[in-house]
Structures are given as C-alpha cells and as structure tokens.
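Okay, so here's the structure we're looking at.
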Amino acid sequence: MLQGKKVGIAITGSFCTLKKIVPEIKKLSEEEGAEVHTIFSVMSKNTDTRFGKADEFYNLVENITKNKPITTITEAEVLGPNPYLDIMAIFPCTGNTLAKLANGITDTPVLMAAKAHLRNEKPLVISVSTNDALGMNMKNIGELMNIKNIFFVPFGQDNYKGKPNSMIADTELLIPTIYSALDKKQLQPVIIHPQ
C-alpha cells in the first residue's frame with residue numbers, strides 16, 4: 001500500500017495515451033491510498049484533440065485526486081524548496097519531454113517539477129510514449145537511464161510494422177514501478193512487449 005505517500009503524476013501531451021493513464025491514477029488514489037498531485041504540461045492542459053477535450057480530462061483527473069493540478073512553472077518550482085512529494089512519475093512522457101529532461105531544459109510545468117523533485121534526491125519515474133524512441137530519442141533514453149534516481153516503467157515497441165521507432169510503456173506497470181523506485185531499484189525487465 002502507498003497509504004500516506006505523496007505521489008506526483010506529471011501529464012504531458014501524448015494524447016493517445018491519456019485514456020490508459022486514468023485507471024492507474026484511480027488505483028493510486030482509491031486502492032493504494034496515495035495522495036496524488038498532478039502536474040499538467042501546457043499542451044496537456046489546453047489542447048483539444050480527436051482523443052478528447054482538454055478541460056474534460058483536466059476535470060476528471062482533479063475529481064479523482066481531489067487536488068488542484070499544478071499548471072504553471074511558478075507553481076511547479078516550489079516542489080524543490082518544499083519537498084512534499086515522495087515520488088513523481090511523468091505519465092505519459094513524450095519524446096519532447098524526454099529530450100528536454102535529458103538536456104536540463106525546464107520550460108514547462110512538468111519539466112520544472114521534475115527538476116525541482118530530483119533536486120531533493122527523490123525518485124522520478126518515466127513512462128515513455130514516443131514515436132521516435134528508437135530514432136532521435138534513443139540517446140535521450142540512454143542518457144536518462146544512467147541518471148541517479150530516474151527509473152522507467154517497462155516499455156517496448158507498440159507497432160513495429162507501422163511505426164518501427166515507436167515505443168510505449170505498459171501503463172499497468174506504473175504502480176509496481178513506483179514500489180520498486182521507492183526502494184531505489186529499477187523494475188525488470190525494462191524492455192518488454194507492451195500490453
């Protein structure tokens with residue numbers, strides 16, 4: 001159980017994945033008893049797509065967690081000097097966010113939250129969802145895998161025929177990855193065939 005643990009869930013613009021993350025946020029909050037705080041990227045907070053309306057998703061997540069999401073860089077920055085999160089997950093993590101995180105760029109609420117959280121030497125979990133994981137982003141994944149306190153939700157190719165460079169995490173492994181990361185261990189195997 002994660003009762004009493006404060007878990008940050010940072011949501012980026014992998015819009016096709018958003019439906020898959022809702023059940024895991026519910027499990028964290030309702031079954032595991034975690035206190036869940038969400039951080040929205042500008043894109044995930046404001047962009048309507050064929051996968052749904054931004055405000056509907058925002059309201060759904062806020063209703064599940066019962067906590068007002070962090071939506072600005074200023075709000076995210078305080079996670080550093082006020083280290084109230086025990087663990088944070090970027091769930092889902094786009095290729096754009098992967099690249100910026102690997103290069104120390106903090107120009108979104110999610111990236112600022114990650115920087116602020118890592119400064120406190122607490123675990124950061126990454127749930128990959130990118131069409132170029134085996135392309136331009138492979139070097140960024142490798143870079144992040146070698147950084148202290150960063151852990152990955154196991155991931156694999158989701159459509160090797162249609163999108164051979166695409167990889168996505170198995171969202172159902174978020175909670176096992178959180179348990180493992182709290183013990184400072186990477187859940188294995190890291191490379192899998194996603195559900």
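Residue numbering restarts at 1 in every chain; chains get A, B, ... in the order shown in the structure tokens, and ligands count up from 1 in that same order.
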Using only C-alpha atoms, I'd like a table of the residues in region 123-170 of chain A that come within 8 Å of region 176-190 of chain A; for each, show the closest atom pair and its distance in Å rounded to one decimal, ordered by chain and ascending number, as a Markdown table.
```
| residue | atom | partner | partner_atom | distance |
| --- | --- | --- | --- | --- |
| A:Pro123 | CA | A:Ala181 | CA | 6.1 |
| A:Leu124 | CA | A:Ala181 | CA | 7.8 |
| A:Val125 | CA | A:Ile178 | CA | 7.1 |
| A:Asn149 | CA | A:Lys184 | CA | 7.0 |
| A:Phe151 | CA | A:Gln186 | CA | 5.7 |
| A:Phe152 | CA | A:Gln186 | CA | 7.0 |
| A:Val153 | CA | A:Thr177 | CA | 5.8 |
| A:Pro154 | CA | A:Val190 | CA | 4.3 |
| A:Phe155 | CA | A:Val190 | CA | 6.3 |
```
Val22 (chain A) environment, 9 Å, only C-alpha atoms, sequence neighbours closer than 3 positions dropped, as a PyMOL selection string: chain A and resi 18-19+25-27+60-61+64
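Once Pro81 (chain A) and its same-chain neighbours fewer than 3 positions away are set aside, Glu77, Val78 and Ala116 of chain A remain within 8 Å of it when counting only C-alpha atoms.
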For Leu144 (chain A): contacts at 12 Å, only C-alpha atoms, fewer than 3 positions along chain excluded, given as a list of chain:residue names: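 My list of contacting residues is A:Thr97, A:Leu98, A:Ala99, A:Lys100, A:Leu101, A:Ala102, A:Asn103, A:Gly104, A:Leu124, A:Val125, A:Ile126, A:Val128, A:Asn137, A:Met138, A:Lys139, A:Asn140, A:Ile141, A:Ile147, A:Lys148, A:Asn149, A:Ile150, A:Phe151, A:Phe152.
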What does the file look like for those residues with C-alpha atoms, as a compact mmCIF listing (two decimals), in the first residue's frame?
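Result saved to part_21.txt:
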```
# COMPACT_ATOMS: atom_id res chain seq x y z
CA THR A 97 9.78 15.96 -22.70
CA LEU A 98 12.39 13.17 -22.73
CA ALA A 99 14.72 15.28 -24.88
CA LYS A 100 14.34 18.39 -22.76
CA LEU A 101 14.74 16.49 -19.49
CA ALA A 102 17.93 14.84 -20.75
CA ASN A 103 19.30 18.27 -21.65
CA GLY A 104 18.31 20.15 -18.50
CA LEU A 124 11.43 10.13 -10.69
CA VAL A 125 9.60 7.54 -12.82
CA ILE A 126 9.33 7.93 -16.59
CA VAL A 128 7.76 6.52 -22.23
CA ASN A 137 15.22 9.98 -28.78
CA MET A 138 17.17 6.76 -28.19
CA LYS A 139 20.18 8.76 -26.99
CA ASN A 140 17.99 10.67 -24.53
CA ILE A 141 16.50 7.47 -23.12
CA ILE A 147 20.98 9.28 -14.10
CA LYS A 148 20.63 8.66 -10.39
CA ASN A 149 17.04 8.49 -9.08
CA ILE A 150 15.45 8.10 -12.53
CA PHE A 151 13.51 4.89 -13.18
CA PHE A 152 11.47 3.68 -16.18
```
Between CA of Ile175 (chain A) and CA of Tyr160 (chain A), measure the distance and give it in Å to one decimal.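 Computing it gives 26.1 Å between the two atoms.
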Give me the residues near Gly4 (chain A) as a ChimeraX atom specification, where near means some atom within 9 Å (using only C-alpha atoms) and where sequence neighbours in that chain fewer than 6 positions away do not count. /A:33-35
For the residues in that selection, give me N, CA and C atoms as an mmCIF file, in the first residue's frame.
```
data_model
loop_
_atom_site.group_PDB
_atom_site.id
_atom_site.type_symbol
_atom_site.label_atom_id
_atom_site.label_comp_id
_atom_site.auth_asym_id
_atom_site.auth_seq_id
_atom_site.Cartn_x
_atom_site.Cartn_y
_atom_site.Cartn_z
ATOM 1 N N GLY A 33 -4.343 4.230 -1.780
ATOM 2 C CA GLY A 33 -4.437 5.216 -0.711
ATOM 3 C C GLY A 33 -3.403 6.321 -0.782
ATOM 4 N N ALA A 34 -2.783 6.509 -1.954
ATOM 5 C CA ALA A 34 -1.784 7.569 -2.102
ATOM 6 C C ALA A 34 -2.479 8.927 -2.199
ATOM 7 N N GLU A 35 -1.755 9.949 -1.791
ATOM 8 C CA GLU A 35 -2.207 11.332 -2.000
ATOM 9 C C GLU A 35 -1.604 11.774 -3.324
#
```
